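my_file_13.txt (compact mmCIF, C-alpha atoms)
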# COMPACT_ATOMS: atom_id res chain seq x y z
CA MET A 1 -4.92 -1.94 -22.63
CA GLU A 2 -5.28 -2.92 -26.30
CA ASN A 3 -3.79 -0.29 -28.55
CA ASN A 4 -5.89 -0.45 -31.74
CA PHE A 5 -6.60 3.19 -32.48
CA TYR A 6 -9.26 2.37 -35.03
CA SER A 7 -11.30 -0.79 -35.03
CA ASP A 8 -14.94 -0.72 -36.08
CA LYS A 9 -17.18 -3.73 -35.49
CA GLU A 10 -20.38 -2.09 -36.71
CA ASN A 11 -20.10 -3.68 -40.15
CA GLU A 12 -19.28 -7.15 -38.84
CA ASP A 13 -20.80 -9.87 -41.05
CA GLU A 14 -22.39 -7.25 -43.31
CA PHE A 15 -20.21 -8.05 -46.31
CA PRO A 16 -19.09 -11.67 -45.84
CA ARG A 17 -18.59 -12.22 -49.57
CA ALA A 18 -16.20 -9.27 -49.73
CA PHE A 19 -13.86 -11.03 -47.34
CA GLU A 20 -14.08 -14.25 -49.32
CA ASP A 21 -13.27 -12.34 -52.51
CA TYR A 22 -10.25 -10.81 -50.77
CA ILE A 23 -8.99 -14.20 -49.57
CA THR A 24 -9.32 -15.62 -53.09
CA ALA A 25 -7.59 -12.66 -54.73
CA LYS A 26 -4.80 -12.72 -52.15
CA ALA A 27 -4.22 -16.45 -52.62
CA GLN A 28 -4.09 -16.06 -56.40
CA GLY A 29 -1.84 -13.01 -56.27
CA GLU A 30 -4.49 -10.89 -57.99
CA LEU A 31 -5.25 -8.19 -55.42
CA ASP A 32 -4.99 -5.47 -58.07
CA SER A 33 -8.06 -6.94 -59.75
CA LEU A 34 -10.08 -6.99 -56.52
CA ASN A 35 -13.28 -5.09 -57.23
CA LEU A 36 -14.75 -3.86 -53.95
CA GLY A 37 -16.78 -0.84 -52.99
CA GLU A 38 -15.63 1.61 -50.35
CA ASP A 39 -17.76 0.04 -47.60
CA GLU A 40 -16.58 -3.42 -48.59
CA PHE A 41 -12.93 -2.38 -48.36
CA GLU A 42 -13.64 -0.96 -44.91
CA TYR A 43 -15.27 -4.20 -43.85
CA VAL A 44 -12.37 -6.37 -45.02
CA LEU A 45 -9.83 -4.04 -43.44
CA ASP A 46 -11.68 -4.22 -40.12
CA ARG A 47 -11.67 -8.02 -40.28
CA LEU A 48 -7.92 -7.98 -40.84
CA ILE A 49 -7.41 -5.42 -38.05
CA GLU A 50 -9.37 -7.55 -35.61
CA GLU A 51 -7.19 -10.54 -36.50
CA GLY A 52 -3.99 -8.53 -36.01
CA MET A 53 -2.79 -9.01 -39.61
CA GLN A 54 -0.92 -5.70 -39.92
CA ASP A 55 1.03 -6.52 -43.08
CA GLU A 56 -2.17 -7.50 -44.86
CA VAL A 57 -3.95 -4.40 -43.53
CA LEU A 58 -1.24 -2.12 -44.87
CA GLU A 59 -1.18 -3.82 -48.26
CA LEU A 60 -4.95 -3.66 -48.69
CA ALA A 61 -5.29 -0.16 -47.21
CA GLU A 62 -2.80 1.19 -49.75
CA LEU A 63 -4.79 -0.44 -52.56
CA ALA A 64 -8.09 0.83 -51.15
CA PHE A 65 -6.77 4.36 -50.78
CA GLU A 66 -5.63 4.37 -54.39
CA ARG A 67 -9.22 3.53 -55.37
CA TYR A 68 -10.90 5.90 -52.87
CA PRO A 69 -8.40 8.68 -52.06
CA TYR A 70 -11.06 10.88 -50.47
CA SER A 71 -12.38 8.28 -48.06
CA ALA A 72 -11.65 9.46 -44.54
CA GLN A 73 -12.30 6.00 -43.12
CA ILE A 74 -9.78 4.29 -45.40
CA LEU A 75 -7.28 7.10 -44.81
CA VAL A 76 -7.61 6.52 -41.06
CA ARG A 77 -7.01 2.80 -41.38
CA LEU A 78 -3.99 3.31 -43.63
CA CYS A 79 -2.27 5.93 -41.49
CA ASP A 80 -3.08 4.17 -38.23
CA THR A 81 -1.46 1.00 -39.56
CA LEU A 82 1.61 2.91 -40.73
CA VAL A 83 2.06 4.31 -37.21
CA LEU A 84 1.60 0.90 -35.61
CA MET A 85 4.16 -0.60 -37.98
CA GLY A 86 6.77 2.02 -37.12
CA ASN A 87 6.47 4.38 -40.07
CA PRO A 88 5.00 7.58 -38.58
CA ASP A 89 6.82 9.78 -41.12
CA LYS A 90 4.90 8.19 -43.99
CA ALA A 91 1.66 8.55 -42.04
CA LEU A 92 2.34 12.25 -41.43
CA GLU A 93 3.17 12.77 -45.09
CA ILE A 94 -0.16 11.29 -46.19
CA LEU A 95 -2.13 13.09 -43.48
CA ALA A 96 -0.56 16.43 -44.40
CA ALA A 97 -1.41 15.92 -48.08
CA TYR A 98 -5.09 15.27 -47.37
CA LYS A 99 -5.65 17.33 -44.21
CA ASP A 100 -7.50 20.11 -46.00
CA SER A 101 -9.96 17.62 -47.45
CA PHE A 102 -10.91 16.48 -43.96
CA SER A 103 -10.37 19.69 -42.01
CA ALA A 104 -13.28 19.08 -39.62
CA ASN A 105 -12.58 15.40 -38.98
CA SER A 106 -11.34 14.93 -35.40
CA THR A 107 -9.97 11.45 -36.08
CA ILE A 108 -7.49 12.89 -38.58
CA TYR A 109 -6.10 15.19 -35.90
CA PHE A 110 -5.96 12.37 -33.37
CA LEU A 111 -3.87 10.48 -35.92
CA PHE A 112 -1.58 13.48 -36.34
CA SER A 113 -1.15 13.39 -32.59
CA ARG A 114 -0.49 9.67 -32.55
CA ALA A 115 2.15 9.88 -35.27
CA ASN A 116 3.93 12.70 -33.45
CA ILE A 117 3.97 10.69 -30.23
CA ALA A 118 5.60 7.85 -32.15
CA LYS A 119 8.28 10.35 -33.22
CA LYS A 120 8.54 11.58 -29.59
CA CYS A 121 7.38 15.03 -30.68
CA PHE A 122 5.10 15.39 -27.69
CA SER A 123 4.46 19.14 -27.89
CA HIS A 124 3.31 18.80 -31.51
CA ALA A 125 1.14 15.87 -30.47
CA ARG A 126 -0.64 18.04 -27.92
CA GLU A 127 -1.28 20.75 -30.50
CA TYR A 128 -3.08 18.28 -32.76
CA PHE A 129 -4.87 16.80 -29.75
CA TYR A 130 -6.31 20.21 -28.88
CA LYS A 131 -7.35 20.62 -32.51
CA ALA A 132 -9.12 17.25 -32.47
CA LEU A 133 -11.13 18.30 -29.43
CA GLU A 134 -12.52 21.26 -31.35
CA PHE A 135 -14.38 18.90 -33.71
CA ASP A 136 -15.12 15.86 -31.54
CA ALA A 137 -18.61 15.88 -30.03
CA ASP A 138 -18.80 12.19 -29.11
CA ASN A 139 -17.57 11.72 -25.55
CA HIS A 140 -17.17 7.94 -25.88
CA GLU A 141 -15.08 8.17 -29.05
CA THR A 142 -13.04 11.01 -27.55
CA MET A 143 -12.32 8.87 -24.49
CA ASP A 144 -11.24 5.91 -26.63
CA SER A 145 -9.01 8.03 -28.86
CA THR A 146 -7.43 9.79 -25.89
CA THR A 147 -6.69 6.60 -23.99
CA ALA A 148 -5.06 5.26 -27.16
CA LEU A 149 -2.77 8.30 -27.09
CA ALA A 150 -1.96 7.51 -23.46
CA GLN A 151 -0.94 3.99 -24.45
CA ASP A 152 1.21 5.41 -27.24
CA CYS A 153 2.99 7.58 -24.68
CA ILE A 154 3.60 4.53 -22.48
CA ASP A 155 5.08 2.74 -25.49
CA ALA A 156 7.25 5.81 -26.14
CA GLY A 157 8.45 5.82 -22.52
CA ASN A 158 6.90 9.18 -21.60
CA TYR A 159 4.87 8.27 -18.53
CA GLU A 160 4.09 11.82 -17.43
CA GLU A 161 2.52 12.47 -20.82
CA ALA A 162 0.59 9.20 -20.59
CA VAL A 163 -0.91 10.32 -17.25
CA TYR A 164 -1.83 13.63 -18.87
CA TYR A 165 -3.87 11.87 -21.58
CA LEU A 166 -5.45 9.47 -19.08
CA ASP A 167 -6.55 12.44 -16.99
CA LYS A 168 -7.98 14.09 -20.09
CA ALA A 169 -9.81 10.91 -21.08
CA SER A 170 -11.42 10.65 -17.64
CA ARG A 171 -13.18 13.96 -18.25
CA TYR A 172 -15.33 12.30 -20.91
CA GLY A 173 -16.70 9.60 -18.64
CA GLU A 174 -15.64 7.02 -16.10
CA LEU A 175 -12.67 5.05 -17.36
CA PRO A 176 -12.91 1.25 -17.25
CA TYR A 177 -11.14 -0.14 -14.18
CA GLU A 178 -8.41 -1.65 -16.37
CA PHE A 179 -6.92 1.81 -16.78
CA PHE A 180 -5.97 1.86 -13.10
CA ASN A 181 -3.27 -0.60 -14.15
CA ASP A 182 -2.00 1.89 -16.75
CA TYR A 183 -2.04 4.68 -14.18
CA ALA A 184 -0.18 2.51 -11.68
CA PHE A 185 2.39 1.42 -14.26
CA CYS A 186 3.10 5.06 -15.11
CA TYR A 187 3.35 6.17 -11.50
CA ASP A 188 5.71 3.29 -10.77
CA ARG A 189 7.98 4.39 -13.63
CA MET A 190 7.69 8.01 -12.43
CA ASP A 191 9.09 6.98 -9.04
CA ALA A 192 5.77 7.63 -7.30
CA PRO A 193 5.23 4.22 -5.64
CA GLU A 194 2.55 5.46 -3.23
CA LYS A 195 0.36 6.56 -6.14
CA ALA A 196 1.11 3.32 -7.94
CA GLU A 197 0.07 1.34 -4.87
CA TYR A 198 -3.23 3.24 -4.70
CA CYS A 199 -4.00 2.56 -8.38
CA TYR A 200 -3.09 -1.12 -8.19
CA ASP A 201 -5.41 -1.38 -5.18
CA LYS A 202 -8.23 0.17 -7.19
CA TYR A 203 -7.63 -2.31 -10.01
CA LEU A 204 -7.48 -5.31 -7.71
CA ASP A 205 -10.68 -4.25 -5.97
CA LYS A 206 -12.41 -4.88 -9.30
CA ASN A 207 -10.34 -7.82 -10.51
CA PRO A 208 -8.36 -9.73 -7.85
CA PHE A 209 -7.54 -12.58 -10.25
CA ASN A 210 -4.82 -11.01 -12.39
CA ASP A 211 -1.46 -12.54 -11.45
CA THR A 212 0.52 -9.93 -13.40
CA VAL A 213 -1.05 -7.06 -11.47
CA TRP A 214 -0.35 -8.85 -8.17
CA PHE A 215 3.27 -9.14 -9.33
CA ASN A 216 3.33 -5.40 -10.07
CA MET A 217 1.83 -4.69 -6.66
CA GLY A 218 4.53 -6.82 -5.07
CA THR A 219 7.32 -4.87 -6.75
CA VAL A 220 5.80 -1.58 -5.58
CA GLN A 221 5.45 -2.85 -2.01
CA ALA A 222 9.07 -3.99 -2.09
CA ARG A 223 10.15 -0.53 -3.23
CA LEU A 224 8.19 0.94 -0.34
CA LYS A 225 9.97 -1.57 1.95
CA ASN A 226 6.60 -3.04 2.91
CA PHE A 227 8.16 -6.48 2.67
CA GLU A 228 5.37 -8.49 4.29
CA LYS A 229 2.86 -6.90 1.91
CA ALA A 230 5.23 -7.62 -0.95
CA ILE A 231 5.41 -11.27 0.09
CA ASP A 232 1.61 -11.47 0.23
CA ALA A 233 1.30 -9.93 -3.24
CA PHE A 234 3.85 -12.25 -4.83
CA GLU A 235 2.25 -15.26 -3.15
CA TYR A 236 -1.18 -14.25 -4.51
CA SER A 237 0.38 -13.97 -7.97
CA ILE A 238 1.95 -17.42 -7.70
CA ALA A 239 -1.26 -18.94 -6.35
CA LEU A 240 -3.08 -17.62 -9.42
CA ASN A 241 -0.31 -18.69 -11.78
CA PRO A 242 2.33 -21.12 -10.46
CA GLU A 243 4.28 -20.56 -13.70
CA ASN A 244 4.78 -16.85 -13.00
CA SER A 245 8.56 -17.00 -12.73
CA SER A 246 8.88 -13.23 -12.26
CA SER A 247 6.87 -13.43 -9.05
CA LEU A 248 8.90 -16.41 -7.85
CA TYR A 249 12.18 -14.61 -8.49
CA ASN A 250 11.13 -11.38 -6.81
CA LEU A 251 9.67 -13.27 -3.85
CA ALA A 252 12.99 -15.06 -3.42
CA VAL A 253 14.85 -11.73 -3.52
CA VAL A 254 12.58 -10.33 -0.81
CA TYR A 255 13.31 -13.39 1.34
CA MET A 256 17.04 -12.83 0.78
CA ASN A 257 16.72 -9.21 1.88
CA LEU A 258 14.92 -10.37 5.02
CA GLN A 259 17.65 -12.97 5.62
CA ARG A 260 15.06 -15.73 5.39
CA TYR A 261 17.49 -17.88 3.46
CA GLY A 262 15.59 -21.15 3.80
CA ASP A 263 12.48 -19.58 2.25
CA ALA A 264 14.65 -17.92 -0.40
CA ALA A 265 16.29 -21.21 -1.35
CA ALA A 266 12.94 -23.01 -1.56
CA THR A 267 11.55 -20.26 -3.80
CA PHE A 268 14.62 -20.15 -6.05
CA GLU A 269 14.33 -23.94 -6.36
CA GLN A 270 10.81 -23.49 -7.73
CA PHE A 271 12.07 -20.78 -10.07
CA VAL A 272 14.87 -22.83 -11.68
CA LYS A 273 12.40 -25.62 -12.45
CA ILE A 274 10.43 -23.40 -14.80
CA ASP A 275 12.82 -20.65 -15.94
CA THR A 276 16.28 -20.86 -17.52
CA ASP A 277 17.40 -17.37 -16.46
CA ILE A 278 20.82 -17.86 -14.85
CA LEU A 279 19.99 -15.23 -12.23
CA GLY A 280 17.83 -17.87 -10.57
CA ARG A 281 20.73 -20.31 -10.20
CA LEU A 282 23.09 -17.56 -9.05
CA GLY A 283 20.54 -16.52 -6.44
CA LEU A 284 20.01 -20.11 -5.38
CA GLY A 285 23.78 -20.55 -5.09
CA GLU A 286 24.04 -17.55 -2.78
CA ALA A 287 21.11 -18.80 -0.69
CA TYR A 288 22.87 -22.16 -0.28
CA ILE A 289 26.06 -20.38 0.82
CA ARG A 290 24.07 -18.50 3.46
CA LEU A 291 22.71 -21.85 4.64
CA GLU A 292 26.25 -23.29 4.66
CA ARG A 293 25.24 -25.80 1.98
CA TYR A 294 28.50 -25.22 0.15
CA GLN A 295 28.51 -28.26 -2.14
CA ASP A 296 24.97 -27.45 -3.27
CA ALA A 297 26.09 -23.90 -4.01
CA LEU A 298 29.03 -25.16 -6.09
CA GLU A 299 26.64 -27.38 -8.06
CA GLN A 300 24.46 -24.37 -8.94
CA PHE A 301 27.45 -22.35 -10.15
CA SER A 302 28.57 -25.35 -12.20
CA GLN A 303 25.10 -25.54 -13.76
CA VAL A 304 25.37 -21.88 -14.77
CA ASP A 305 28.58 -22.64 -16.68
CA ILE A 306 26.97 -25.64 -18.36
CA GLN A 307 23.93 -23.60 -19.34
CA CYS A 308 26.07 -20.77 -20.76
CA GLY A 309 28.42 -23.13 -22.56
CA GLU A 310 31.40 -21.33 -21.03
CA GLN A 311 32.71 -20.13 -17.70
CA HIS A 312 30.45 -17.35 -16.44
CA SER A 313 32.14 -14.55 -14.50
CA GLU A 314 29.47 -14.37 -11.77
CA ALA A 315 29.42 -18.14 -11.37
CA LEU A 316 33.23 -18.13 -11.11
CA ALA A 317 33.05 -15.44 -8.45
CA GLY A 318 30.50 -17.51 -6.54
CA THR A 319 32.68 -20.62 -6.82
CA ASN A 320 35.75 -18.72 -5.64
CA SER A 321 33.74 -17.29 -2.74
CA VAL A 322 32.72 -20.77 -1.59
CA ASN A 323 36.28 -22.03 -1.82
CA ALA A 324 37.63 -18.96 -0.03
CA ILE A 325 35.21 -19.52 2.85
CA LEU A 326 36.13 -23.20 3.08
CA ARG A 327 39.91 -22.54 2.94
CA CYS A 328 39.59 -19.92 5.67
CA LYS A 329 37.59 -22.28 7.89
CA GLU A 330 40.32 -24.88 7.36
CA GLY A 331 43.01 -22.40 8.39
CA LYS A 332 44.57 -22.33 4.92
CA TYR A 333 44.98 -18.57 4.93
CA GLU A 334 47.36 -18.21 1.98
CA GLU A 335 44.95 -20.07 -0.27
CA PHE A 336 42.14 -17.96 1.17
CA LYS A 337 44.00 -14.75 0.28
CA GLU A 338 44.53 -15.85 -3.32
CA LEU A 339 40.86 -16.70 -3.73
CA PHE A 340 39.79 -13.49 -1.98
CA LEU A 341 41.78 -11.44 -4.51
CA LYS A 342 40.18 -13.33 -7.41
CA VAL A 343 36.74 -12.57 -6.02
CA LEU A 344 37.67 -8.92 -5.49
CA ASP A 345 38.59 -8.65 -9.17
CA THR A 346 34.93 -9.26 -10.07
CA GLY A 347 33.58 -6.52 -7.75
CA THR A 348 32.44 -6.25 -4.17
CA ALA A 349 29.08 -8.07 -4.15
CA TRP A 350 30.51 -11.52 -3.39
CA ILE A 351 33.03 -10.01 -0.95
CA GLY A 352 30.04 -9.06 1.19
CA VAL A 353 28.95 -12.72 1.22
CA ILE A 354 32.43 -13.78 2.38
CA TYR A 355 32.40 -11.21 5.18
CA ASP A 356 28.94 -12.33 6.31
CA MET A 357 30.01 -15.96 6.46
CA LEU A 358 33.33 -15.20 8.19
CA PRO A 359 32.46 -12.44 10.69
CA PHE A 360 35.49 -13.25 12.86
CA LEU A 361 37.80 -11.83 10.19
CA GLU A 362 37.26 -8.31 11.52
CA GLY A 363 39.31 -9.16 14.60
CA GLU A 364 42.07 -11.13 12.87
CA GLY A 365 45.36 -9.26 12.69
CA TRP A 366 46.67 -11.21 9.71
CA PHE A 367 43.53 -10.32 7.74
CA LEU A 368 43.72 -6.62 8.63
CA GLU A 369 47.36 -6.58 7.53
CA PHE A 370 46.32 -8.33 4.30
CA LEU A 371 43.67 -5.67 3.63
CA SER A 372 46.14 -2.91 4.33
CA GLY A 373 48.44 -4.38 1.71
CA ILE A 374 45.63 -4.48 -0.84
CA LYS A 375 44.81 -0.81 -0.25
CA LYS A 376 48.44 0.16 -0.79
Have the structure of the file written as structure tokens, please.
Amino acid sequence: MENNFYSDKENEDEFPRAFEDYITAKAQGELDSLNLGEDEFEYVLDRLIEEGMQDEVLELAELAFERYPYSAQILVRLCDTLVLMGNPDKALEILAAYKDSFSANSTIYFLFSRANIAKKCFSHAREYFYKALEFDADNHETMDSTTALAQDCIDAGNYEEAVYYLDKASRYGELPYEFFNDYAFCYDRMDAPEKAEYCYDKYLDKNPFNDTVWFNMGTVQARLKNFEKAIDAFEYSIALNPENSSSLYNLAVVYMNLQRYGDAAATFEQFVKIDTDILGRLGLGEAYIRLERYQDALEQFSQVDIQCGEQHSEALAGTNSVNAILRCKEGKYEEFKELFLKVLDTGTAWIGVIYDMLPFLEGEGWFLEFLSGIKK
């Protein structure tokens, strides 16, 4: 959800000349001479907030607060912008200096809470949140402010705390369905995939046309090992947005896990057409190996090196794996052993591919003797 803590549209178009005066003063470098009333400053700030011009908001809010230091509305805009721009300490300093002047203003305490969340001081944030509730009689505004705190907690990586604020917000009225996505995202990060699945379902019941949420649902289903449901979710996502490379990649991985290598290769092929992430080519290379399309696999690993501008370790391991498999099939066991050791130096992932493609090795005495020598 959008994370503007304060954005007021009530004054929209009420002071159009004020905004024009601001634009002129800004262009001429004469902001200090800008002569606006308190309401006019608020109007211009809101216009800038709506347009996402944070640097301009901060600059003008500081000027406005110099002119009207006891305006709660300007104070809110200034401190909110400081938090959004990564300076919660400055926001807390200003709020502390003027707190007594606005001791019954709930928004001030919500801002204290928000700034403390930005500093990851979650217990302090709750203290100010409880204080805000003592003075806030408007359920709708309380809901909006509380859901903003939940989003702040998501941004801070504290998903349990985000769920806490979402639960609190729901006490002030029915949350818009979009918040089911926030709930689901948090539960997914909290390793509660069943709850995440439930919340994604609730969201998609209301809006089945969001490809990103279908992608998220697919990842949850894959974690739950509901692979057919995961495939359906990723395919819905791709149908809604054929350029969703994340869904293509994850769908291909699911196919690989199900040993549906033809489907995996076809999906990776779609992925590499629209995304430059080398993981796609590495995955496609492995899929080709599984399909015994060895020259195609070597071409993908070569493309990884070209894309990186140097020899990539994973691509080299893939290339050595292909060559090891081919040398073994040709009976060139000494060459196979040399390549096998090179692959082993990079880890065990590609070794598993070699074993899968050469299952007869388990019964070969020369290979067992070779492994015994490696262990020693």
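For the pair CA of Ala156 in chain A and CA of Leu75 in chain A, the separation is 23.7 Å.
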Exercise: Phe102 in chain A partners within 9 Å, all atoms listed in the file, chain neighbours under 5 positions left out, as a list of chain:residue names |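 Listed by chain and then number, they are A:Tyr70, A:Ala72, A:Ile108.
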May I have the residues within 7 Å of range 331-346 of chain A as a compact mmCIF listing (two decimals) with C-alpha atoms, in the frame of the given file, using all atoms listed in the file and disregarding those fewer than 4 positions away in the same chain?
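Result file selection.txt:
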# COMPACT_ATOMS: atom_id res chain seq x y z
CA ALA A 317 33.05 -15.44 -8.45
CA ASN A 320 35.75 -18.72 -5.64
CA SER A 321 33.74 -17.29 -2.74
CA ALA A 324 37.63 -18.96 -0.03
CA ARG A 327 39.91 -22.54 2.94
CA TRP A 350 30.51 -11.52 -3.39
CA ILE A 351 33.03 -10.01 -0.95
Selected residue of minimal separation from Tyr43 in chain A among A:Pro16, A:Gly309, A:Pro69, A:Gly318, counting all atoms listed in the file =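 Using all atoms listed in the file, the shortest distance to Tyr43 in chain A belongs to A:Pro16.
Nearest to Phe15 in chain A of all the residues A:Ala27, A:Leu224, A:Leu36, A:Val353 is A:Leu36, counting all atoms listed in the file.
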Give me, please, the distance in Å between CA of Arg281 in chain A and CA of Gln300 in chain A, quoted to one decimal.
->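 Going from CA of Arg281 in chain A over to CA of Gln300 in chain A covers 5.7 Å.
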Using all atoms listed in the file, find all polymer residues with an atom at most 12 Å away from the point (5.5, 8.5, -7.5); report them as a ChimeraX atom specification.
-> /A:159-160,163,183-199,220,223-224
Quick one: pull the distance between CA of Asp182 in chain A and CA of Ala148 in chain A, Å, one decimal.
->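 Interatomic distance, CA of Asp182 in chain A to CA of Ala148 in chain A: 11.4 Å.
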So which one's closest to Tyr249 in chain A, A:Gly280, A:Asn226, A:Leu78, A:Ile274? Using only C-alpha atoms, please.
->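 Going through A:Gly280, A:Asn226, A:Leu78, A:Ile274 one by one, the smallest distance to Tyr249 in chain A is for A:Gly280.
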